[in-house]
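Data from data-v4.txt: compact mmCIF, C-alpha atoms
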```txt
# COMPACT_ATOMS: atom_id res chain seq x y z
CA MET A 1 144.42 84.99 103.99
CA ASN A 2 143.42 87.28 101.17
CA GLN A 3 140.87 86.21 98.64
CA ARG A 4 143.26 85.55 95.80
CA ALA A 5 145.45 83.31 97.94
CA HIS A 6 142.35 81.52 99.13
CA VAL A 7 141.11 80.87 95.60
CA ASP A 8 144.57 79.65 94.61
CA ARG A 9 144.56 77.18 97.49
CA VAL A 10 141.14 75.84 96.55
CA PHE A 11 142.24 75.36 92.95
CA HIS A 12 145.42 73.66 94.07
CA ALA A 13 143.50 71.44 96.47
CA LEU A 14 140.98 70.33 93.86
CA GLY A 15 143.51 70.08 91.05
CA ASP A 16 144.57 66.64 92.19
CA PRO A 17 142.43 63.57 91.26
CA THR A 18 143.07 61.81 94.57
CA ARG A 19 141.96 64.86 96.51
CA ARG A 20 138.87 65.13 94.33
CA ALA A 21 138.11 61.51 95.13
CA ILE A 22 138.48 62.30 98.84
CA VAL A 23 136.13 65.27 98.52
CA GLU A 24 133.60 63.05 96.71
CA GLN A 25 133.71 60.53 99.54
CA LEU A 26 133.25 63.28 102.11
CA SER A 27 130.32 64.82 100.27
CA THR A 28 128.09 62.00 101.51
CA GLY A 29 129.15 62.45 105.13
CA PRO A 30 132.08 62.43 107.56
CA VAL A 31 134.63 59.64 107.20
CA SER A 32 137.51 58.56 109.38
CA VAL A 33 140.96 59.15 107.94
CA SER A 34 141.81 55.47 107.99
CA SER A 35 138.64 54.62 106.07
CA LEU A 36 139.61 57.07 103.33
CA ALA A 37 142.82 55.26 102.49
CA LYS A 38 141.35 51.85 101.58
CA PRO A 39 139.22 52.68 98.51
CA LEU A 40 141.97 54.93 97.20
CA ALA A 41 144.62 52.21 97.57
CA ILE A 42 147.14 54.66 99.03
CA THR A 43 148.98 54.76 102.31
CA LEU A 44 147.65 56.47 105.41
CA ALA A 45 150.58 58.89 105.23
CA ALA A 46 149.55 59.89 101.72
CA VAL A 47 145.96 60.48 102.84
CA VAL A 48 147.17 62.68 105.69
CA GLN A 49 149.23 64.77 103.27
CA HIS A 50 146.26 65.26 100.96
CA LEU A 51 144.04 66.16 103.90
CA GLN A 52 146.50 68.81 105.06
CA ILE A 53 146.22 70.52 101.69
CA LEU A 54 142.43 70.24 101.73
CA GLU A 55 142.29 71.64 105.25
CA MET A 56 144.52 74.58 104.35
CA SER A 57 142.18 75.46 101.51
CA GLY A 58 139.27 75.56 103.94
CA LEU A 59 137.31 72.86 102.13
CA VAL A 60 137.73 70.13 104.72
CA ARG A 61 137.99 69.99 108.49
CA THR A 62 139.44 67.15 110.56
CA THR A 63 138.80 66.55 114.23
CA LYS A 64 140.22 63.97 116.58
CA ILE A 65 138.00 62.25 119.11
CA GLY A 66 139.90 59.75 121.19
CA ARG A 67 142.13 57.91 118.77
CA VAL A 68 139.97 58.38 115.71
CA ARG A 69 140.53 61.29 113.36
CA THR A 70 137.45 62.15 111.32
CA CYS A 71 137.15 64.41 108.28
CA ARG A 72 134.15 66.32 107.06
CA MET A 73 133.43 68.88 104.38
CA GLU A 74 133.58 72.46 105.60
CA SER A 75 130.39 74.03 104.31
CA LYS A 76 131.77 77.58 104.25
CA GLY A 77 135.40 78.09 103.35
CA LEU A 78 135.54 81.40 105.15
CA SER A 79 133.35 82.54 107.98
CA VAL A 80 130.75 85.12 107.03
CA ALA A 81 132.59 87.75 109.03
CA GLU A 82 135.85 87.17 107.20
CA GLN A 83 134.00 87.05 103.91
CA TRP A 84 132.46 90.47 104.48
CA ILE A 85 135.84 92.01 105.14
CA GLU A 86 137.45 90.22 102.22
CA ASP A 87 134.74 91.52 99.91
CA ARG A 88 135.37 95.10 100.97
CA ARG A 89 139.10 94.66 100.59
CA SER A 90 138.76 93.15 97.16
CA VAL A 91 136.57 96.01 95.94
CA TRP A 92 139.32 98.43 96.96
CA GLU A 93 142.10 96.25 95.54
CA LYS A 94 140.41 96.42 92.16
CA ARG A 95 139.95 100.15 92.46
CA PHE A 96 143.62 100.66 93.24
CA ASP A 97 144.53 98.44 90.29
CA ARG A 98 142.49 100.73 88.06
CA LEU A 99 144.06 103.81 89.68
CA GLY A 100 147.45 102.38 88.80
CA LYS A 101 146.44 102.01 85.16
CA LEU A 102 145.03 105.53 85.05
CA LEU A 103 148.23 106.99 86.48
CA GLU A 104 150.29 105.03 83.96
CA GLU A 105 148.22 106.18 81.00
CA SER A 106 147.71 109.90 81.60
CA ASP A 107 151.15 111.34 81.19
CA LYS A 108 150.13 114.83 80.39
CA ASP A 109 147.99 116.72 82.86
CA MET H 1 112.49 92.81 114.19
CA LYS H 2 115.33 90.66 112.88
CA GLU H 3 118.18 89.92 115.23
CA ARG H 4 121.27 91.95 114.32
CA SER H 5 124.92 91.54 115.03
CA VAL H 6 127.86 93.76 114.21
CA ILE H 7 131.16 92.51 112.91
CA HIS H 8 134.16 94.82 113.10
CA GLY H 9 137.05 94.45 110.75
CA THR H 10 140.13 96.36 109.67
CA PHE H 11 142.29 95.85 106.64
CA VAL H 12 145.19 97.70 105.09
CA ILE H 13 146.14 97.86 101.42
CA GLU H 14 149.56 99.10 100.35
CA ARG H 15 150.43 100.21 96.86
CA ASN H 16 153.23 102.03 95.13
CA TYR H 17 152.61 104.23 92.11
CA PRO H 18 155.48 105.56 89.96
CA VAL H 19 154.19 109.14 90.02
CA THR H 20 154.26 112.06 92.47
CA PRO H 21 151.89 112.28 95.45
CA GLU H 22 150.32 115.29 93.73
CA ARG H 23 149.30 113.12 90.78
CA VAL H 24 147.83 110.44 93.02
CA PHE H 25 145.97 112.99 95.11
CA ALA H 26 144.53 114.57 91.97
CA ALA H 27 143.01 111.21 91.06
CA PHE H 28 140.98 111.42 94.26
CA ALA H 29 140.19 115.13 94.20
CA ASN H 30 139.31 115.65 90.54
CA PRO H 31 135.86 114.32 89.62
CA ALA H 32 136.73 113.47 86.01
CA LYS H 33 139.82 111.54 87.09
CA LYS H 34 138.15 109.79 89.99
CA GLN H 35 135.36 108.58 87.77
CA ARG H 36 137.83 106.64 85.67
CA TRP H 37 139.06 104.34 88.40
CA PHE H 38 136.66 104.52 91.29
CA VAL H 39 133.58 103.10 89.59
CA ASP H 40 133.23 99.36 90.02
CA ASP H 41 132.72 97.11 87.00
CA GLU H 42 129.97 95.11 88.70
CA ALA H 43 127.85 98.19 89.12
CA SER H 44 125.76 98.33 86.00
CA GLY H 45 123.79 101.52 85.93
CA SER H 46 124.80 103.96 88.63
CA GLU H 47 123.57 107.36 89.68
CA ASP H 48 126.15 109.80 90.90
CA PHE H 49 124.93 112.67 92.99
CA GLY H 50 128.07 114.68 92.55
CA MET H 51 131.42 115.01 94.24
CA ASP H 52 131.92 117.33 97.18
CA PHE H 53 135.60 116.99 97.98
CA ARG H 54 136.07 119.10 101.11
CA VAL H 55 135.98 118.49 104.83
CA GLY H 56 132.32 118.00 105.66
CA GLY H 57 131.47 117.38 102.03
CA VAL H 58 128.86 114.71 101.38
CA GLU H 59 128.62 112.41 98.37
CA ARG H 60 125.95 109.93 97.48
CA LYS H 61 126.07 107.18 94.91
CA ARG H 62 123.43 104.67 93.99
CA PHE H 63 124.11 101.62 91.84
CA THR H 64 122.36 98.48 90.74
CA THR H 65 123.73 94.95 90.75
CA LYS H 66 121.98 91.62 90.43
CA HIS H 67 121.60 91.59 94.20
CA GLY H 68 119.65 94.83 94.25
CA ILE H 69 120.04 98.59 94.57
CA PHE H 70 122.97 99.76 96.67
CA THR H 71 123.50 103.25 98.07
CA ASN H 72 126.79 104.63 99.33
CA ASN H 73 126.83 107.74 101.50
CA THR H 74 130.23 109.35 102.03
CA VAL H 75 131.37 112.24 104.19
CA TYR H 76 134.90 113.63 104.19
CA LEU H 77 136.38 114.01 107.64
CA ASP H 78 139.92 115.18 106.96
CA ILE H 79 141.81 116.31 103.86
CA VAL H 80 145.46 117.29 103.78
CA PRO H 81 146.34 117.96 100.14
CA ASN H 82 148.74 115.43 98.66
CA ARG H 83 149.10 113.72 102.03
CA ARG H 84 145.92 112.39 103.59
CA ILE H 85 142.21 111.83 103.01
CA VAL H 86 139.93 110.48 105.71
CA PHE H 87 136.30 109.74 105.02
CA ALA H 88 133.44 107.71 106.40
CA TYR H 89 130.88 105.88 104.32
CA THR H 90 127.85 103.69 104.77
CA MET H 91 126.53 101.09 102.38
CA SER H 92 122.86 100.26 102.15
CA MET H 93 121.08 97.56 100.23
CA GLY H 94 117.63 98.88 99.46
CA ASP H 95 116.52 100.42 102.74
CA THR H 96 118.78 98.30 104.91
CA ARG H 97 122.12 99.68 106.03
CA ILE H 98 124.69 96.93 105.76
CA SER H 99 127.94 98.60 106.78
CA SER H 100 129.59 101.73 108.08
CA SER H 101 133.29 102.33 107.61
CA GLN H 102 136.04 104.84 108.17
CA ALA H 103 138.66 104.91 105.45
CA THR H 104 142.06 106.63 105.48
CA VAL H 105 144.22 107.24 102.45
CA GLU H 106 147.83 108.18 103.19
CA LEU H 107 150.25 109.26 100.48
CA LEU H 108 153.96 109.20 101.15
CA ALA H 109 156.64 110.33 98.77
CA ALA H 110 158.88 107.31 98.27
CA ARG H 111 162.26 106.95 96.64
CA LYS H 112 160.32 105.76 93.63
CA GLY H 113 157.03 107.54 93.21
CA THR H 114 154.37 107.41 95.91
CA ASP H 115 153.48 104.87 98.55
CA LEU H 116 149.74 104.68 99.16
CA PHE H 117 148.35 103.19 102.35
CA PHE H 118 144.63 102.54 102.51
CA THR H 119 143.13 101.56 105.86
CA GLU H 120 139.49 100.67 106.27
CA GLN H 121 137.90 100.12 109.66
CA GLY H 122 134.43 98.83 109.16
CA ALA H 123 131.37 97.83 111.10
CA PHE H 124 129.45 95.28 109.09
CA PHE H 125 125.85 94.67 109.97
CA GLU H 126 124.58 91.21 109.09
CA GLY H 127 121.83 92.21 106.72
CA ALA H 128 119.11 89.99 105.44
CA ASP H 129 121.08 88.82 102.43
CA GLY H 130 124.60 88.91 103.78
CA PRO H 131 125.17 85.18 104.31
CA LYS H 132 123.09 84.26 101.26
CA MET H 133 125.14 86.53 98.99
CA ARG H 134 128.33 85.00 100.25
CA GLU H 135 126.96 81.53 99.66
CA ASP H 136 125.96 82.45 96.12
CA GLY H 137 129.44 83.71 95.44
CA TRP H 138 130.96 80.55 96.81
CA ARG H 139 128.63 78.33 94.80
CA LEU H 140 129.45 80.22 91.60
CA LEU H 141 133.12 79.77 92.27
CA LEU H 142 132.77 76.02 92.69
CA GLU H 143 130.61 75.76 89.57
CA SER H 144 133.16 77.49 87.41
CA LEU H 145 135.87 75.39 89.00
CA ALA H 146 133.95 72.24 88.15
CA LYS H 147 133.62 73.40 84.55
CA GLU H 148 137.32 74.14 84.44
CA LEU H 149 138.21 70.69 85.70
CA ALA H 150 135.77 68.96 83.38
CA ALA H 151 137.21 70.62 80.28
```

Re-express the file's structure as structure tokens.
Amino acid sequence: MNQRAHVDRVFHALGDPTRRAIVEQLSTGPVSVSSLAKPLAITLAAVVQHLQILEMSGLVRTTKIGRVRTCRMESKGLSVAEQWIEDRRSVWEKRFDRLGKLLEESDKD
Amino acid sequence: MKERSVIHGTFVIERNYPVTPERVFAAFANPAKKQRWFVDDEASGSEDFGMDFRVGGVERKRFTTKHGIFTNNTVYLDIVPNRRIVFAYTMSMGDTRISSSQATVELLAARKGTDLFFTEQGAFFEGADGPKMREDGWRLLLESLAKELAA
């Protein structure tokens, strides 16, 4: 997932007040999915949907042990290895953006 | 000595530019043109040790960011005018080498303008500040996000 898409997903994930409330709950420690629903006064199905979005953004991770599904904050959205590569890519993406502008501008040479 | 590990990664960037391959190639080969797009905004204060655009040619660039002094060393491995440029470059932070990469630029005449394919194959060495820099970047992102949401 490129960096821009990743940032978009994080913004989308945190742009919802219910999801922000979930993230706040998780910031103090892991919580089971069923325990998340009660204070939010929403259905379990709704919680699961929100968690899917949060997981896809890399902010949250859920694991199932036996019959209990637990969620926790993911401390690093991307692994360090992926981050290194994404940084290099993004440097070049910006350079090629600037190259595009230069080629647009200079008509005569 | 610190424990080191190497991470290998490859990525490809594709672009199309509405000009001829000759024009795109010139932007790589001509120092005055290259200067105008190649230099990164984040690099405040950089020393260029000249361009040496030929097979075997070596270029060195040093620049300063808030994370320290970075040095890039580049050597050109293959140049086919208007078609292909292959070069290798290392990045160092201070005295510590942090990565070594091979980069290939391919230019293809397309129905509209030029298709550019950029492939980088890199070996990234986990330097002292690698993880910390990433964490800083992530923290900054979340801070500005928090500000955005609070507004």

Which residues of chain H come within 7 Å of chain A, and what is each one's closest atom pair and distance in Å (one decimal), counting all atoms listed in the file, sorted by chain and residue number, as a Markdown table?
```
| residue | atom | partner | partner_atom | distance |
| --- | --- | --- | --- | --- |
| H:Ile7 | CA | A:Ala81 | CA | 6.3 |
| H:Gly9 | CA | A:Ile85 | CA | 6.2 |
| H:Phe11 | CA | A:Arg89 | CA | 6.9 |
| H:Tyr17 | CA | A:Gly100 | CA | 6.4 |
| H:Trp37 | CA | A:Arg98 | CA | 5.0 |
| H:Phe38 | CA | A:Arg95 | CA | 5.6 |
| H:Pro131 | CA | A:Val80 | CA | 6.2 |
```

Do you have the CA of Glu14 (chain H)-CA of Arg111 (chain H) distance handy?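 CA of Arg111 (chain H) lies at a distance of 15.4 Å from CA of Glu14 (chain H).
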
Spatial neighbours of region 49-62 of chain A, 6 Å, all atoms listed in the file, chain gap at least 6 places, as an MDAnalysis selection string: chainID A and resid 9:10 13 70:74 77

Do you know which residues are at most 10 Å from Pro81 (chain H) counting all atoms listed in the file, after dropping those on the same chain fewer than 4 positions away, and could you put them as an MDAnalysis selection string? chainID H and resid 21:22 25:26 29 85 107

Minimum-distance residue to Val12 (chain H), chosen among H:Tyr76, H:Phe87, H:Phe49, H:Phe118 (using only C-alpha atoms):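 When distances to Val12 (chain H) are compared using only C-alpha atoms, the smallest one comes from H:Phe118.
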
Measuring atom to atom with all atoms listed in the file, identify which of H:Ala88, H:Val58, H:Ile98, H:Met51 is nearest to Phe125 (chain H). H:Ile98

Separation of CA of Asp52 (chain H) from CA of Gly94 (chain H) in Å: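 Between these atoms lies a distance of 23.4 Å.
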
Minimum-distance residue to Ile69 (chain H), chosen among H:Thr90, H:Ser46, H:Asn82, H:Thr114 (using all atoms listed in the file): H:Ser46

Pick out the residues sitting within 8 Å of Ala37 (chain A), and hand them over as a count of residues only; count only C-alpha atoms, and ignore anything fewer than 6 positions along from it in its own chain. 3

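A straight line drawn from CA of Arg23 (chain H) to CA of Thr104 (chain H) is 17.6 Å long.
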
Compile the contact shell of Leu36 (chain A) as a list of chain:residue names: residues with an atom at most 8 Å away, counting only C-alpha atoms, same-chain residues fewer than 4 positions apart removed.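 Near Leu36 (chain A), the qualifying residues are A:Ile22, A:Gln25, A:Val31, A:Ser32, A:Leu40, A:Val47.
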